[in-house]
Amino acid sequence: MFPEISLIGRLEALDEASHRLQARLAELPKILTAEKKTVEEKKRHLDATRGRQQANDGERRARENAVAQHQSKLTKLRKQLDAAASEAQVQAFEHEIAFATNAIATGEDEILTLLLEAESLTAEIEELEKAHAAAHKQAAANFRSAEQEHKTGQQTLAGQAGERAAVEGQLSPAMAQLYAKLRKRYKSGPIVAETDEGRCGVCQIEMRLAFWQKMQNEPDVLYQCEECGRILVCNKPVSPVEG
Ligand SMILES: [Zn+2]
């Protein structure tokens with residue numbers, strides 16, 4: 001294997017790690033935005049349910065007022081009935097009394113239905129408040145940990161950039177140039193390709209027999225895939241990068 005391959009491998013591992021970390025850091029704001037949306041949705045649901053509770057309350061008060069009015073009218077009608085002077089008057093008052101009694105019964109039924117609805121709305125609101133508070137708390141905690149992750153990530157990236165410069169500095173100018181050229185071409189992908197039974201391990205092209213035999217016979221020379229240009233090695237000497 002040609003001597004600089006371990007430096008190239010290290011450079012590649014650093015680039016891969018930085019690329020992964022940059023992608024992860026770019027994901028963070030999206031994750032936080034999605035989470036914020038979830039919290040807002042929970043708040044909207046809570047507000048809508050509170051609105052329903054208010055409407056229920058208003059409706060119940062209106063019904064209660066109507067029933068009270070019918071009741072006071074009923075009291076008045078009963079007195080008028082006692083003082084009725086003719087059969088026609090008795091019939092008229094009795095008719096009105098029946099109407100008011102009926103209206104009171106209907107109103108009371110409606111009030112009961114509204115009360116039952118109010119009870120379940122109160123329970124629902126309690127659950128929604130809990131869910132909203134929990135989501136809000138979780139989102140705030142995640143925001144803080146994302147901030148920390150971002151900060152640590154930036155430090156790691158700076159460290160990787162420093163190490164990268166040092167490794168690059170040890171390469172011959174020609175090799176550094178080749179690496180830079182390949183990196184430009186394969187921004188996030190591999191630059192070193194392991195051979196795979198006579199094929200390039202990345203682009204999978206089958207090598208010419210003469211080329212393949214030369215690789216076996218003169219292993220200490222730089223070989224590039226004739227198809228994709230990647231640096232070929234029989235065993236990739238890659239040391240993983242933390243983070
Ligand atoms: Zn290839």
# chains A, B, ... in the order shown; residues from 1 in each chain; ligands from 1
$ residues_near_ligand --ligand "ligand 1" --cutoff "10 Å" --atoms "only C-alpha atoms and all ligand atoms" --output "list in words"
Ile191, Val192, Ala193, Glu194, Thr195, Arg199, Cys200, Gly201, Val202, Cys203, Gln204, Ile205, Glu206, Met207, Gln224, Cys225, Glu226, Glu227, Cys228, Gly229, Arg230, Ile231 and Leu232 of chain A
$ residues_around --residues "Leu209 (chain A)" --least-positions-apart "4" --cutoff "9 Å" --atoms "only C-alpha atoms" --output "list in words"
Gly198, Gln213 and Lys214 of chain A
$ closest_residue --among "A:Glu124, A:Lys151, A:Glu163, A:Leu77" --to "Ala48 (chain A)" --atoms "only C-alpha atoms"
A:Glu124
$ closest_residue --among "A:Gln80, A:Ser172, A:Thr49, A:Asn102" --to "Pro3 (chain A)" --atoms "only C-alpha atoms"
A:Ser172
$ closest_residue --among "A:Ser6, A:Ser120, A:Gln22, A:Lys79" --to "Gln155 (chain A)" --atoms "only C-alpha atoms"
A:Gln22
$ residues_around --residues "region 129-142 of chain A" --least-positions-apart "5" --cutoff "9 Å" --atoms "only C-alpha atoms" --output "CSV table (one decimal) with C-alpha atoms, in the first residue's frame"
chain,number,residue,atom,x,y,z
A,32,LEU,CA,-37.4,22.1,17.3
A,35,GLU,CA,-42.0,20.3,18.3
A,36,LYS,CA,-43.1,24.0,18.7
A,38,THR,CA,-47.0,20.3,18.3
A,39,VAL,CA,-47.2,22.5,21.4
A,40,GLU,CA,-49.1,25.2,19.5
A,41,GLU,CA,-51.5,22.6,18.2
A,42,LYS,CA,-52.2,21.4,21.8
A,43,LYS,CA,-52.7,25.1,22.8
A,46,LEU,CA,-57.2,23.6,24.6
A,124,GLU,CA,-61.4,17.3,29.0
A,147,GLU,CA,-28.6,24.5,22.2
$ closest_residue --among "A:Pro173, A:Ser18, A:Tyr179, A:Ile8" --to "Ala158 (chain A)" --atoms "only C-alpha atoms"
A:Ser18
$ atom_distance --atom1 "CA of Ala118 (chain A)" --atom2 "CA of Asp57 (chain A)"
7.6 Å
$ select_by_dssp --residues "region 96-223 of chain A" --states "helix (DSSP H, G or I)" --output "number ranges by chain"
A: 96-170, 173-185, 209-217
$ select_by_dssp --residues "region 5-222 of chain A" --states "strand (DSSP E or B)" --output "ChimeraX atom specification"
/A:192-196,199-200,206
$ write_last_selection --atoms "all heavy atoms" --output "short mmCIF file (atom, residue, chain, number, x, y, z; two decimals), in the first residue's frame"
data_model
loop_
_atom_site.label_atom_id
_atom_site.label_comp_id
_atom_site.auth_asym_id
_atom_site.auth_seq_id
_atom_site.Cartn_x
_atom_site.Cartn_y
_atom_site.Cartn_z
N VAL A 192 -11.84 7.13 -0.75
CA VAL A 192 -11.05 5.90 -0.78
C VAL A 192 -12.02 4.74 -1.01
O VAL A 192 -13.04 4.64 -0.34
CB VAL A 192 -10.29 5.71 0.55
CG1 VAL A 192 -9.49 4.41 0.52
CG2 VAL A 192 -9.37 6.89 0.80
N ALA A 193 -11.69 3.90 -2.00
CA ALA A 193 -12.56 2.76 -2.30
C ALA A 193 -11.79 1.47 -2.06
O ALA A 193 -10.68 1.30 -2.56
CB ALA A 193 -13.04 2.83 -3.74
N GLU A 194 -12.40 0.59 -1.30
CA GLU A 194 -11.79 -0.71 -1.10
C GLU A 194 -12.08 -1.58 -2.32
O GLU A 194 -13.17 -1.52 -2.88
CB GLU A 194 -12.40 -1.36 0.14
CG GLU A 194 -11.38 -1.55 1.23
CD GLU A 194 -12.00 -2.16 2.47
OE1 GLU A 194 -13.00 -1.60 2.98
OE2 GLU A 194 -11.49 -3.19 2.93
N THR A 195 -11.09 -2.37 -2.70
CA THR A 195 -11.34 -3.27 -3.84
C THR A 195 -12.19 -4.43 -3.36
O THR A 195 -12.07 -4.88 -2.22
CB THR A 195 -10.02 -3.79 -4.42
OG1 THR A 195 -9.28 -4.40 -3.37
CG2 THR A 195 -9.21 -2.67 -5.04
N ASP A 196 -13.05 -4.88 -4.25
CA ASP A 196 -13.98 -5.93 -3.89
C ASP A 196 -13.95 -6.99 -5.00
O ASP A 196 -14.65 -6.85 -6.01
CB ASP A 196 -15.38 -5.29 -3.73
CG ASP A 196 -16.44 -6.32 -3.43
OD1 ASP A 196 -16.09 -7.45 -3.04
OD2 ASP A 196 -17.63 -5.99 -3.63
N ARG A 199 -13.29 -5.52 -8.24
CA ARG A 199 -14.17 -4.38 -8.56
C ARG A 199 -13.83 -3.20 -7.65
O ARG A 199 -13.31 -3.41 -6.55
CB ARG A 199 -15.64 -4.76 -8.30
CG ARG A 199 -16.21 -5.71 -9.29
CD ARG A 199 -17.61 -6.15 -8.86
NE ARG A 199 -18.13 -7.13 -9.78
CZ ARG A 199 -18.73 -6.83 -10.95
NH1 ARG A 199 -18.89 -5.58 -11.31
NH2 ARG A 199 -19.17 -7.78 -11.75
N CYS A 200 -14.20 -2.00 -8.12
CA CYS A 200 -14.11 -0.83 -7.24
C CYS A 200 -15.26 -0.95 -6.24
O CYS A 200 -16.42 -1.12 -6.65
CB CYS A 200 -14.26 0.46 -8.06
SG CYS A 200 -14.59 1.92 -7.06
N GLU A 206 -15.85 -3.20 -12.84
CA GLU A 206 -14.87 -4.30 -12.83
C GLU A 206 -13.56 -3.78 -13.40
O GLU A 206 -13.55 -3.18 -14.47
CB GLU A 206 -15.39 -5.47 -13.66
CG GLU A 206 -14.71 -6.75 -13.29
CD GLU A 206 -15.38 -7.98 -13.92
OE1 GLU A 206 -16.55 -7.85 -14.34
OE2 GLU A 206 -14.73 -9.01 -14.01
#
$ atom_distance --atom1 "CA of Ile31 (chain A)" --atom2 "CA of Leu157 (chain A)"
20.6 Å
$ closest_residue --among "A:Gly51, A:Lys184, A:Gln216, A:Thr75" --to "Glu197 (chain A)" --atoms "only C-alpha atoms"
A:Gln216
$ closest_residue --among "A:Ala146, A:Ile104, A:Leu114, A:Ile97" --to "Asn56 (chain A)" --atoms "only C-alpha atoms"
A:Leu114
$ residues_around --residues "Gln160 (chain A)" --least-positions-apart "4" --cutoff "8 Å" --atoms "only C-alpha atoms" --output "count of residues only"
4
